There are 2 protein chains.
Amino acid sequence: MSIQLDVEKPITNADRTFYQLRNDIVEGAILAGSKLSETELSTKYEVSRAVIREGINRLTACHLVERKANVGAKVVSLTPEGLIQLYQVREALEGMAARLAARHMNDEEIVSLQGLLDSHFNTVKDAQLYYQEAGDVDFHYRIVTGSKNSHLISVLIDGLYHLVRMYRVQLGMAGPRVSTAFDEHRHIVNAIANRDEELAEMLMRRHILYSKNNIENKLSPTPT
Amino acid sequence: MSIQLDVEKPITNADRTFYQLRNDIVEGAILAGSKLSETELSTKYEVSRAVIREGINRLTACHLVERKANVGAKVVSLTPEGLIQLYQVREALEGMAARLAARHMNDEEIVSLQGLLDSHFNTVKDAQLYYQEAGDVDFHYRIVTGSKNSHLISVLIDGLYHLVRMYRVQLGMAGPRVSTAFDEHRHIVNAIANRDEELAEMLMRRHILYSKNNIENKLSPTPT
DNA sequence: AAGGCCTAAATTGTCGACAATAGAGTTTAT
DNA sequence: ATAAACTCTATTGTCGACAATTTAGGCCTT
């Protein structure tokens with residue numbers, strides 16, 4: 001089963017530059033916490049300062065950079081507190097997404113989602129961690145879109161998920177928790193298939209909470 | 001007690017223009033659903049197109065306008081479905097905000113919040129609906145900032161709240177529910193003062209859910 | 001020597017002009 | 001008559017230059 005989350009195709013030059021910038025920041029090619037010089041970037045990406053500025057503004061909107069008037073922009077710094085706060089927001093939003101998915105996903109979408117889990121099961125058996133990681137992203141992606149709530153979708157997919165990916169990539173999350181996370185996914189899908197909104201939300205919130213605790217333990221011995 | 005939620009001061013011309021645009025959209029001076037012509041706005045606000053473009057981009061980030069490449073931007077349309085989806089996101093985020101506020105607000109902040117409610121009680125007695133409306137905004141504002149979660153704060157205050165205000169202003173929400181909402185506020189503050197995270201979240205979610213139902217009934221006789 | 005002030009360099013903010021694209025209206029061919 | 005292709009116009013996308021602001025460094029004063 002194919003995995004592609006970045007189906008957003010660049011129309012204009014500003015689009016393309018924004019995607020490149022975002023990717024370079026998420027992947028760490030542009031270091032976290034570093035300053036973003038407009039002139040420097042404009043020569044590096046071979047576009048005018050105007051498109052760089054638009055890119056930086058868009059990056060500010062998804063919380064990947066911070067901008068200060070008359071001073072400049074810099075890439076956000078990755079901190080344990082920031083990661084915790086990020087997961088708290090995820091817990092709230094994705095919990096609601098699971099609730100709404102249980103209400104609004106049609107039968108066809110649910111069957112497809114179950115099929116996705118089946119294919120994950122095979123990769124888990126073969127212990128292909130990378131695909132599991134991508135599969136996890138794909139799973140959450142489907143729940144969110146399944147909520148049919150445009151605000152939820154845009155805030156998570158256009159916004160927070162890129163920051164989540166940035167933490168994962170740069171702090172080297174791949175981790176265990178693969179098989180247990182798979183079971184949690186299965187339970188969530190079951191709740192959605194049963195149209196049990198309450199349970200779907202609760203299971204999703206716990207799933208994210210566990211994930212947060214798992215990451216916290218990896219980062220520091222004393223969780224908050 | 002003074003009420004000021006827009007303490008954000010414009011530094012640059014782009015800031016000032018963005019605030020003006022945002023206000024004109026929220027207040028309805030620029031009609032919902034109407035197209036935003038860059039050249040037209042640039043003459044109207046007496047700034048260059050670059051400034052207008054930055055403003056439009058920022059408005060896109062807080063979901064007040066929608067932009068399509070090579071076509072242009074238009075103000076979002078207000079629909080019952082959009083309002084419902086907005087309140088669903090509010091329920092999730094502000095519920096979490098109340099939970100975190102119960103965890104992170106210090107005693108001084110809680111006392112101040114209780115004082116705010118006391119002053120509301122007087123205005124409610126005098127039936128000054130306008131101040132109650134502003135007071136409601138102030139109340140929610142404090143809970144959100146009390147969460148000490150920067151993502152939560154920015155998504156709600158810089159983003160969704162302006163859209164909420166737009167719905168309230170343009171669909172003429174002032175409504176009854178004043179005194180009952182006041183009681184709900186009181187219960188929420190009590191839960192926070194008792195450091196009861198679970199209850200604070202639940203009460204806040206119900207508070208927003210009631211508010212949503214109240215608005216739905218005003219809009220259409222058949223709620224979703 | 002420490003502190004403040006002034007100057008200069010670099011960076012961001014703003015602007016007007018030009019290029020590229022989309023949409024409407026007109027023409028033309030079947 | 002209809003549909004496709006073309007032209008033209010209005011709007012957005014992109015660019016380089018100029019203005020305003022910040023910041024760092026040296027200089028002067030106490």
# chains A, B, ... in the order shown; residues from 1 in each chain; ligands from 1
call {"tool": "calpha_fit_and_write", "arguments": {"fixed": "chain A", "moving": "chain B", "output": "PDB file with C-alpha atoms, in the first residue's frame"}}
result
ATOM      1  CA  MET B   1       0.182  -0.009  -0.044  1.00  0.00           C
ATOM      2  CA  SER B   2       1.647   3.308  -1.115  1.00  0.00           C
ATOM      3  CA  ILE B   3       2.444   5.975   1.395  1.00  0.00           C
ATOM      4  CA  GLN B   4       2.340   9.602   0.357  1.00  0.00           C
ATOM      5  CA  LEU B   5       1.310  12.363   2.660  1.00  0.00           C
ATOM      6  CA  ASP B   6       2.716  15.286   0.710  1.00  0.00           C
ATOM      7  CA  VAL B   7       0.330  15.265  -2.211  1.00  0.00           C
ATOM      8  CA  GLU B   8       0.215  19.051  -2.085  1.00  0.00           C
ATOM      9  CA  LYS B   9       1.666  20.152  -5.405  1.00  0.00           C
ATOM     10  CA  PRO B  10       3.394  23.483  -5.738  1.00  0.00           C
ATOM     11  CA  ILE B  11       1.637  25.847  -8.125  1.00  0.00           C
ATOM     12  CA  THR B  12       3.758  28.953  -7.781  1.00  0.00           C
ATOM     13  CA  ASN B  13       7.412  29.543  -7.023  1.00  0.00           C
ATOM     14  CA  ALA B  14       6.474  30.641  -3.537  1.00  0.00           C
ATOM     15  CA  ASP B  15       4.780  27.285  -2.976  1.00  0.00           C
ATOM     16  CA  ARG B  16       7.820  25.320  -4.080  1.00  0.00           C
ATOM     17  CA  THR B  17      10.172  27.434  -1.982  1.00  0.00           C
ATOM     18  CA  PHE B  18       7.909  27.110   1.039  1.00  0.00           C
ATOM     19  CA  TYR B  19       7.874  23.315   0.735  1.00  0.00           C
ATOM     20  CA  GLN B  20      11.641  23.206   0.342  1.00  0.00           C
ATOM     21  CA  LEU B  21      12.177  25.468   3.328  1.00  0.00           C
ATOM     22  CA  ARG B  22       9.755  23.493   5.443  1.00  0.00           C
ATOM     23  CA  ASN B  23      11.379  20.222   4.531  1.00  0.00           C
ATOM     24  CA  ASP B  24      14.878  21.521   5.159  1.00  0.00           C
ATOM     25  CA  ILE B  25      13.804  22.729   8.577  1.00  0.00           C
ATOM     26  CA  VAL B  26      11.991  19.535   9.521  1.00  0.00           C
ATOM     27  CA  GLU B  27      14.857  17.335   8.325  1.00  0.00           C
ATOM     28  CA  GLY B  28      17.398  19.497  10.113  1.00  0.00           C
ATOM     29  CA  ALA B  29      19.238  20.719   7.013  1.00  0.00           C
ATOM     30  CA  ILE B  30      18.532  24.128   8.477  1.00  0.00           C
ATOM     31  CA  LEU B  31      19.421  23.827  12.135  1.00  0.00           C
ATOM     32  CA  ALA B  32      16.842  24.307  14.873  1.00  0.00           C
ATOM     33  CA  GLY B  33      17.267  27.662  16.562  1.00  0.00           C
ATOM     34  CA  SER B  34      19.295  29.156  13.727  1.00  0.00           C
ATOM     35  CA  LYS B  35      18.572  32.546  12.240  1.00  0.00           C
ATOM     36  CA  LEU B  36      16.959  32.823   8.823  1.00  0.00           C
ATOM     37  CA  SER B  37      18.599  35.514   6.742  1.00  0.00           C
ATOM     38  CA  GLU B  38      16.329  36.614   3.918  1.00  0.00           C
ATOM     39  CA  THR B  39      19.111  37.656   1.576  1.00  0.00           C
ATOM     40  CA  GLU B  40      21.102  34.517   2.269  1.00  0.00           C
ATOM     41  CA  LEU B  41      18.132  32.245   1.615  1.00  0.00           C
ATOM     42  CA  SER B  42      17.170  34.178  -1.497  1.00  0.00           C
ATOM     43  CA  THR B  43      20.572  33.462  -3.059  1.00  0.00           C
ATOM     44  CA  LYS B  44      20.564  29.876  -1.814  1.00  0.00           C
ATOM     45  CA  TYR B  45      17.152  29.018  -3.240  1.00  0.00           C
ATOM     46  CA  GLU B  46      17.585  31.307  -6.257  1.00  0.00           C
ATOM     47  CA  VAL B  47      14.427  33.330  -5.786  1.00  0.00           C
ATOM     48  CA  SER B  48      13.736  36.903  -4.818  1.00  0.00           C
ATOM     49  CA  ARG B  49      13.452  38.051  -1.236  1.00  0.00           C
ATOM     50  CA  ALA B  50       9.705  38.498  -1.638  1.00  0.00           C
ATOM     51  CA  VAL B  51       9.304  34.778  -2.227  1.00  0.00           C
ATOM     52  CA  ILE B  52      11.465  33.965   0.775  1.00  0.00           C
ATOM     53  CA  ARG B  53       9.485  36.365   2.921  1.00  0.00           C
ATOM     54  CA  GLU B  54       6.218  34.717   1.953  1.00  0.00           C
ATOM     55  CA  GLY B  55       7.728  31.351   2.785  1.00  0.00           C
ATOM     56  CA  ILE B  56       8.895  32.552   6.179  1.00  0.00           C
ATOM     57  CA  ASN B  57       5.465  33.979   6.910  1.00  0.00           C
ATOM     58  CA  ARG B  58       3.864  30.663   6.080  1.00  0.00           C
ATOM     59  CA  LEU B  59       6.383  28.832   8.234  1.00  0.00           C
ATOM     60  CA  THR B  60       5.505  31.176  11.077  1.00  0.00           C
ATOM     61  CA  ALA B  61       1.873  30.206  10.679  1.00  0.00           C
ATOM     62  CA  CYS B  62       2.666  26.528  11.296  1.00  0.00           C
ATOM     63  CA  HIS B  63       4.917  27.308  14.261  1.00  0.00           C
ATOM     64  CA  LEU B  64       8.145  26.180  12.629  1.00  0.00           C
ATOM     65  CA  VAL B  65       9.787  29.608  12.819  1.00  0.00           C
ATOM     66  CA  GLU B  66       9.352  32.663  15.009  1.00  0.00           C
ATOM     67  CA  ARG B  67       9.486  36.159  13.650  1.00  0.00           C
ATOM     68  CA  LYS B  68      10.171  39.464  15.347  1.00  0.00           C
ATOM     69  CA  ALA B  69       9.481  42.766  13.661  1.00  0.00           C
ATOM     70  CA  ASN B  70      12.542  44.571  12.352  1.00  0.00           C
ATOM     71  CA  VAL B  71      14.785  41.836  13.688  1.00  0.00           C
ATOM     72  CA  GLY B  72      14.168  38.692  11.705  1.00  0.00           C
ATOM     73  CA  ALA B  73      13.063  35.107  11.859  1.00  0.00           C
ATOM     74  CA  LYS B  74      14.654  32.060  13.402  1.00  0.00           C
ATOM     75  CA  VAL B  75      13.854  28.387  13.418  1.00  0.00           C
ATOM     76  CA  VAL B  76      12.094  27.239  16.574  1.00  0.00           C
ATOM     77  CA  SER B  77      14.188  25.497  19.221  1.00  0.00           C
ATOM     78  CA  LEU B  78      13.306  21.955  20.217  1.00  0.00           C
ATOM     79  CA  THR B  79      12.793  21.633  23.958  1.00  0.00           C
ATOM     80  CA  PRO B  80      11.292  18.942  26.157  1.00  0.00           C
ATOM     81  CA  GLU B  81       8.636  21.413  27.341  1.00  0.00           C
ATOM     82  CA  GLY B  82       7.749  22.275  23.758  1.00  0.00           C
ATOM     83  CA  LEU B  83       7.344  18.616  22.927  1.00  0.00           C
ATOM     84  CA  ILE B  84       5.113  18.023  25.922  1.00  0.00           C
ATOM     85  CA  GLN B  85       2.926  21.008  25.044  1.00  0.00           C
ATOM     86  CA  LEU B  86       2.713  19.791  21.473  1.00  0.00           C
ATOM     87  CA  TYR B  87       1.469  16.400  22.561  1.00  0.00           C
ATOM     88  CA  GLN B  88      -1.071  17.973  24.885  1.00  0.00           C
ATOM     89  CA  VAL B  89      -2.596  19.789  21.944  1.00  0.00           C
ATOM     90  CA  ARG B  90      -2.452  16.622  19.874  1.00  0.00           C
ATOM     91  CA  GLU B  91      -4.259  14.731  22.605  1.00  0.00           C
ATOM     92  CA  ALA B  92      -7.088  17.241  22.617  1.00  0.00           C
ATOM     93  CA  LEU B  93      -7.412  17.620  18.859  1.00  0.00           C
ATOM     94  CA  GLU B  94      -6.885  14.033  17.781  1.00  0.00           C
ATOM     95  CA  GLY B  95      -9.155  12.819  20.533  1.00  0.00           C
ATOM     96  CA  MET B  96     -11.884  14.989  19.068  1.00  0.00           C
ATOM     97  CA  ALA B  97     -10.894  13.836  15.579  1.00  0.00           C
ATOM     98  CA  ALA B  98     -11.412  10.201  16.585  1.00  0.00           C
ATOM     99  CA  ARG B  99     -14.795  11.067  18.068  1.00  0.00           C
ATOM    100  CA  LEU B 100     -15.871  12.827  14.892  1.00  0.00           C
ATOM    101  CA  ALA B 101     -14.394  10.089  12.716  1.00  0.00           C
ATOM    102  CA  ALA B 102     -16.623   7.589  14.523  1.00  0.00           C
ATOM    103  CA  ARG B 103     -19.526   9.843  13.649  1.00  0.00           C
ATOM    104  CA  HIS B 104     -18.720  10.833  10.088  1.00  0.00           C
ATOM    105  CA  MET B 105     -16.550   8.233   8.367  1.00  0.00           C
ATOM    106  CA  ASN B 106     -18.565   6.198   5.898  1.00  0.00           C
ATOM    107  CA  ASP B 107     -18.421   2.416   5.788  1.00  0.00           C
ATOM    108  CA  GLU B 108     -16.120   2.375   2.789  1.00  0.00           C
ATOM    109  CA  GLU B 109     -13.570   4.559   4.537  1.00  0.00           C
ATOM    110  CA  ILE B 110     -13.692   2.372   7.610  1.00  0.00           C
ATOM    111  CA  VAL B 111     -13.115  -0.770   5.569  1.00  0.00           C
ATOM    112  CA  SER B 112     -10.186   0.898   3.870  1.00  0.00           C
ATOM    113  CA  LEU B 113      -8.792   1.916   7.244  1.00  0.00           C
ATOM    114  CA  GLN B 114      -9.068  -1.654   8.488  1.00  0.00           C
ATOM    115  CA  GLY B 115      -7.232  -2.753   5.358  1.00  0.00           C
ATOM    116  CA  LEU B 116      -4.478  -0.305   6.176  1.00  0.00           C
ATOM    117  CA  LEU B 117      -4.098  -1.858   9.606  1.00  0.00           C
ATOM    118  CA  ASP B 118      -3.923  -5.337   8.078  1.00  0.00           C
ATOM    119  CA  SER B 119      -1.072  -4.272   5.835  1.00  0.00           C
ATOM    120  CA  HIS B 120       0.634  -2.735   8.870  1.00  0.00           C
ATOM    121  CA  PHE B 121       0.324  -6.039  10.638  1.00  0.00           C
ATOM    122  CA  ASN B 122       2.456  -7.677   7.970  1.00  0.00           C
ATOM    123  CA  THR B 123       5.161  -5.024   8.157  1.00  0.00           C
ATOM    124  CA  VAL B 124       5.140  -5.266  11.934  1.00  0.00           C
ATOM    125  CA  LYS B 125       5.647  -9.005  11.675  1.00  0.00           C
ATOM    126  CA  ASP B 126       8.626  -8.419   9.431  1.00  0.00           C
ATOM    127  CA  ALA B 127       9.858  -5.812  11.886  1.00  0.00           C
ATOM    128  CA  GLN B 128      10.251  -3.112   9.282  1.00  0.00           C
ATOM    129  CA  LEU B 129      10.362  -0.227  11.665  1.00  0.00           C
ATOM    130  CA  TYR B 130      10.567   2.460   9.047  1.00  0.00           C
ATOM    131  CA  TYR B 131       7.326   1.505   7.404  1.00  0.00           C
ATOM    132  CA  GLN B 132       5.694   1.224  10.779  1.00  0.00           C
ATOM    133  CA  GLU B 133       6.709   4.797  11.450  1.00  0.00           C
ATOM    134  CA  ALA B 134       5.281   5.973   8.144  1.00  0.00           C
ATOM    135  CA  GLY B 135       2.270   3.782   8.725  1.00  0.00           C
ATOM    136  CA  ASP B 136       1.623   5.457  12.034  1.00  0.00           C
ATOM    137  CA  VAL B 137       1.605   8.809  10.319  1.00  0.00           C
ATOM    138  CA  ASP B 138      -0.750   7.445   7.683  1.00  0.00           C
ATOM    139  CA  PHE B 139      -3.090   6.065  10.341  1.00  0.00           C
ATOM    140  CA  HIS B 140      -3.396   9.331  12.214  1.00  0.00           C
ATOM    141  CA  TYR B 141      -3.742  11.174   8.939  1.00  0.00           C
ATOM    142  CA  ARG B 142      -6.793   9.111   8.016  1.00  0.00           C
ATOM    143  CA  ILE B 143      -8.484   9.570  11.352  1.00  0.00           C
ATOM    144  CA  VAL B 144      -8.048  13.314  11.130  1.00  0.00           C
ATOM    145  CA  THR B 145      -9.376  13.601   7.594  1.00  0.00           C
ATOM    146  CA  GLY B 146     -12.150  11.201   8.579  1.00  0.00           C
ATOM    147  CA  SER B 147     -13.395  13.765  11.075  1.00  0.00           C
ATOM    148  CA  LYS B 148     -14.554  15.864   8.099  1.00  0.00           C
ATOM    149  CA  ASN B 149     -13.822  18.936  10.215  1.00  0.00           C
ATOM    150  CA  SER B 150     -11.874  21.393   8.095  1.00  0.00           C
ATOM    151  CA  HIS B 151     -10.470  23.334  11.048  1.00  0.00           C
ATOM    152  CA  LEU B 152      -9.233  20.184  12.710  1.00  0.00           C
ATOM    153  CA  ILE B 153      -7.715  18.983   9.468  1.00  0.00           C
ATOM    154  CA  SER B 154      -5.859  22.155   8.656  1.00  0.00           C
ATOM    155  CA  VAL B 155      -4.578  22.840  12.153  1.00  0.00           C
ATOM    156  CA  LEU B 156      -3.191  19.331  12.476  1.00  0.00           C
ATOM    157  CA  ILE B 157      -2.052  18.439   8.983  1.00  0.00           C
ATOM    158  CA  ASP B 158      -0.900  21.818   7.720  1.00  0.00           C
ATOM    159  CA  GLY B 159       0.346  22.840  11.127  1.00  0.00           C
ATOM    160  CA  LEU B 160       1.267  20.655  14.057  1.00  0.00           C
ATOM    161  CA  TYR B 161       2.173  17.474  12.196  1.00  0.00           C
ATOM    162  CA  HIS B 162       5.197  19.076  10.590  1.00  0.00           C
ATOM    163  CA  LEU B 163       6.446  20.121  13.996  1.00  0.00           C
ATOM    164  CA  VAL B 164       5.812  16.601  15.285  1.00  0.00           C
ATOM    165  CA  ARG B 165       7.835  15.220  12.380  1.00  0.00           C
ATOM    166  CA  MET B 166      10.599  17.687  13.180  1.00  0.00           C
ATOM    167  CA  TYR B 167      10.829  16.410  16.744  1.00  0.00           C
ATOM    168  CA  ARG B 168      10.761  12.799  15.566  1.00  0.00           C
ATOM    169  CA  VAL B 169      13.455  13.252  12.960  1.00  0.00           C
ATOM    170  CA  GLN B 170      15.825  15.420  14.939  1.00  0.00           C
ATOM    171  CA  LEU B 171      15.458  13.694  18.289  1.00  0.00           C
ATOM    172  CA  GLY B 172      15.648  10.307  16.613  1.00  0.00           C
ATOM    173  CA  MET B 173      12.318   8.795  17.544  1.00  0.00           C
ATOM    174  CA  ALA B 174      11.674   5.448  16.000  1.00  0.00           C
ATOM    175  CA  GLY B 175      11.654   3.551  19.153  1.00  0.00           C
ATOM    176  CA  PRO B 176      10.008   0.432  20.371  1.00  0.00           C
ATOM    177  CA  ARG B 177       6.347   0.656  21.192  1.00  0.00           C
ATOM    178  CA  VAL B 178       5.769  -0.591  17.664  1.00  0.00           C
ATOM    179  CA  SER B 179       3.689  -3.628  18.377  1.00  0.00           C
ATOM    180  CA  THR B 180       1.853  -2.129  21.332  1.00  0.00           C
ATOM    181  CA  ALA B 181       1.028   0.956  19.264  1.00  0.00           C
ATOM    182  CA  PHE B 182      -0.336  -1.357  16.620  1.00  0.00           C
ATOM    183  CA  ASP B 183      -2.733  -2.915  19.095  1.00  0.00           C
ATOM    184  CA  GLU B 184      -3.853   0.536  20.159  1.00  0.00           C
ATOM    185  CA  HIS B 185      -4.543   1.431  16.560  1.00  0.00           C
ATOM    186  CA  ARG B 186      -6.619  -1.711  16.202  1.00  0.00           C
ATOM    187  CA  HIS B 187      -8.724  -0.864  19.236  1.00  0.00           C
ATOM    188  CA  ILE B 188      -9.329   2.655  17.971  1.00  0.00           C
ATOM    189  CA  VAL B 189     -10.489   1.414  14.588  1.00  0.00           C
ATOM    190  CA  ASN B 190     -12.801  -1.075  16.272  1.00  0.00           C
ATOM    191  CA  ALA B 191     -14.385   1.712  18.290  1.00  0.00           C
ATOM    192  CA  ILE B 192     -14.869   3.760  15.134  1.00  0.00           C
ATOM    193  CA  ALA B 193     -16.367   0.780  13.316  1.00  0.00           C
ATOM    194  CA  ASN B 194     -18.786   0.349  16.230  1.00  0.00           C
ATOM    195  CA  ARG B 195     -19.632   4.066  16.047  1.00  0.00           C
ATOM    196  CA  ASP B 196     -18.632   4.399  19.682  1.00  0.00           C
ATOM    197  CA  GLU B 197     -17.602   8.046  19.774  1.00  0.00           C
ATOM    198  CA  GLU B 198     -16.885   8.144  23.464  1.00  0.00           C
ATOM    199  CA  LEU B 199     -14.566   5.149  23.372  1.00  0.00           C
ATOM    200  CA  ALA B 200     -12.842   6.246  20.177  1.00  0.00           C
ATOM    201  CA  GLU B 201     -11.938   9.580  21.719  1.00  0.00           C
ATOM    202  CA  MET B 202     -10.757   8.048  24.970  1.00  0.00           C
ATOM    203  CA  LEU B 203      -8.603   5.427  23.242  1.00  0.00           C
ATOM    204  CA  MET B 204      -7.031   7.986  20.954  1.00  0.00           C
ATOM    205  CA  ARG B 205      -6.233  10.260  23.866  1.00  0.00           C
ATOM    206  CA  ARG B 206      -4.631   7.418  25.740  1.00  0.00           C
ATOM    207  CA  HIS B 207      -2.727   6.355  22.662  1.00  0.00           C
ATOM    208  CA  ILE B 208      -1.176   9.806  22.351  1.00  0.00           C
ATOM    209  CA  LEU B 209      -0.622  10.072  26.084  1.00  0.00           C
ATOM    210  CA  TYR B 210       1.296   6.778  26.104  1.00  0.00           C
ATOM    211  CA  SER B 211       3.301   7.959  23.163  1.00  0.00           C
ATOM    212  CA  LYS B 212       4.117  11.171  24.995  1.00  0.00           C
ATOM    213  CA  ASN B 213       5.190   9.322  28.123  1.00  0.00           C
ATOM    214  CA  ASN B 214       7.321   7.015  26.046  1.00  0.00           C
ATOM    215  CA  ILE B 215       9.137   9.943  24.487  1.00  0.00           C
ATOM    216  CA  GLU B 216       9.506  11.729  27.807  1.00  0.00           C
ATOM    217  CA  ASN B 217      11.219   8.735  29.344  1.00  0.00           C
ATOM    218  CA  LYS B 218      13.646   8.672  26.465  1.00  0.00           C
ATOM    219  CA  LEU B 219      14.509  12.327  26.845  1.00  0.00           C
ATOM    220  CA  SER B 220      14.824  12.863  30.575  1.00  0.00           C
ATOM    221  CA  PRO B 221      14.676  10.573  33.591  1.00  0.00           C
ATOM    222  CA  THR B 222      12.326  12.965  35.431  1.00  0.00           C
ATOM    223  CA  PRO B 223       9.081  13.528  33.532  1.00  0.00           C
ATOM    224  CA  THR B 224       6.809  16.474  34.285  1.00  0.00           C
TER     225      THR B 224
END
call {"tool": "residues_around", "arguments": {"residues": "DC6 in chain D", "least_positions_apart": "4", "cutoff": "12 Å", "atoms": "only C-alpha atoms (C1' of nucleotides)", "output": "ChimeraX atom specification"}}
result
/C:25-28
call {"tool": "select_by_dssp", "arguments": {"residues": "range 141-197 of chain B", "states": "alpha helix (DSSP H)", "output": "ChimeraX atom specification"}}
result
/B:141-146,150-153,161-170,178-193,197
call {"tool": "interface_residues", "arguments": {"of": "chain C", "to": "chain A", "cutoff": "12 Å", "atoms": "only C-alpha atoms (C1' of nucleotides)", "output": "list of chain:residue names"}}
result
C:DA10, C:DT11, C:DT12, C:DG13, C:DT14, C:DA20, C:DT21
call {"tool": "interface_residues", "arguments": {"of": "chain D", "to": "chain A", "cutoff": "8 Å", "atoms": "only C-alpha atoms (C1' of nucleotides)", "output": "mmCIF file with N, CA, C and O atoms (P, O5', C5', C4', C3', O3' and C1' of nucleotides), in the first residue's frame"}}
result
data_model
loop_
_atom_site.group_PDB
_atom_site.id
_atom_site.type_symbol
_atom_site.label_atom_id
_atom_site.label_comp_id
_atom_site.auth_asym_id
_atom_site.auth_seq_id
_atom_site.Cartn_x
_atom_site.Cartn_y
_atom_site.Cartn_z
ATOM 1 P P DG D 13 -0.881 35.049 -6.243
ATOM 2 O "O5'" DG D 13 0.444 35.193 -7.110
ATOM 3 C "C5'" DG D 13 0.684 34.243 -8.139
ATOM 4 C "C4'" DG D 13 2.062 34.448 -8.760
ATOM 5 C "C3'" DG D 13 3.227 34.414 -7.770
ATOM 6 O "O3'" DG D 13 4.305 33.677 -8.350
ATOM 7 C "C1'" DG D 13 3.245 36.472 -8.949
ATOM 8 P P DT D 14 5.649 33.341 -7.480
ATOM 9 O "O5'" DT D 14 6.648 34.499 -7.945
ATOM 10 C "C5'" DT D 14 6.994 34.605 -9.325
ATOM 11 C "C4'" DT D 14 7.898 35.794 -9.560
ATOM 12 C "C3'" DT D 14 9.068 35.931 -8.582
ATOM 13 O "O3'" DT D 14 10.267 35.745 -9.311
ATOM 14 C "C1'" DT D 14 7.994 38.038 -8.993
ATOM 15 P P DC D 15 11.676 35.658 -8.517
ATOM 16 O "O5'" DC D 15 12.229 37.136 -8.707
ATOM 17 C "C5'" DC D 15 12.304 37.671 -10.030
ATOM 18 C "C4'" DC D 15 12.479 39.176 -9.994
ATOM 19 C "C3'" DC D 15 13.639 39.666 -9.137
ATOM 20 O "O3'" DC D 15 14.741 40.008 -9.973
ATOM 21 C "C1'" DC D 15 11.674 41.065 -8.936
ATOM 22 P P DT D 21 11.714 54.015 11.282
ATOM 23 O "O5'" DT D 21 12.474 52.791 11.969
ATOM 24 C "C5'" DT D 21 12.031 51.464 11.707
ATOM 25 C "C4'" DT D 21 13.114 50.474 12.054
ATOM 26 C "C3'" DT D 21 13.781 50.705 13.412
ATOM 27 O "O3'" DT D 21 13.448 49.627 14.262
ATOM 28 C "C1'" DT D 21 15.375 50.179 11.714
ATOM 29 P P DT D 22 13.926 49.602 15.816
ATOM 30 O "O5'" DT D 22 15.171 48.605 15.785
ATOM 31 C "C5'" DT D 22 14.991 47.309 15.216
ATOM 32 C "C4'" DT D 22 16.339 46.658 14.968
ATOM 33 C "C3'" DT D 22 17.224 46.505 16.216
ATOM 34 O "O3'" DT D 22 17.626 45.163 16.319
ATOM 35 C "C1'" DT D 22 18.458 47.475 14.443
#
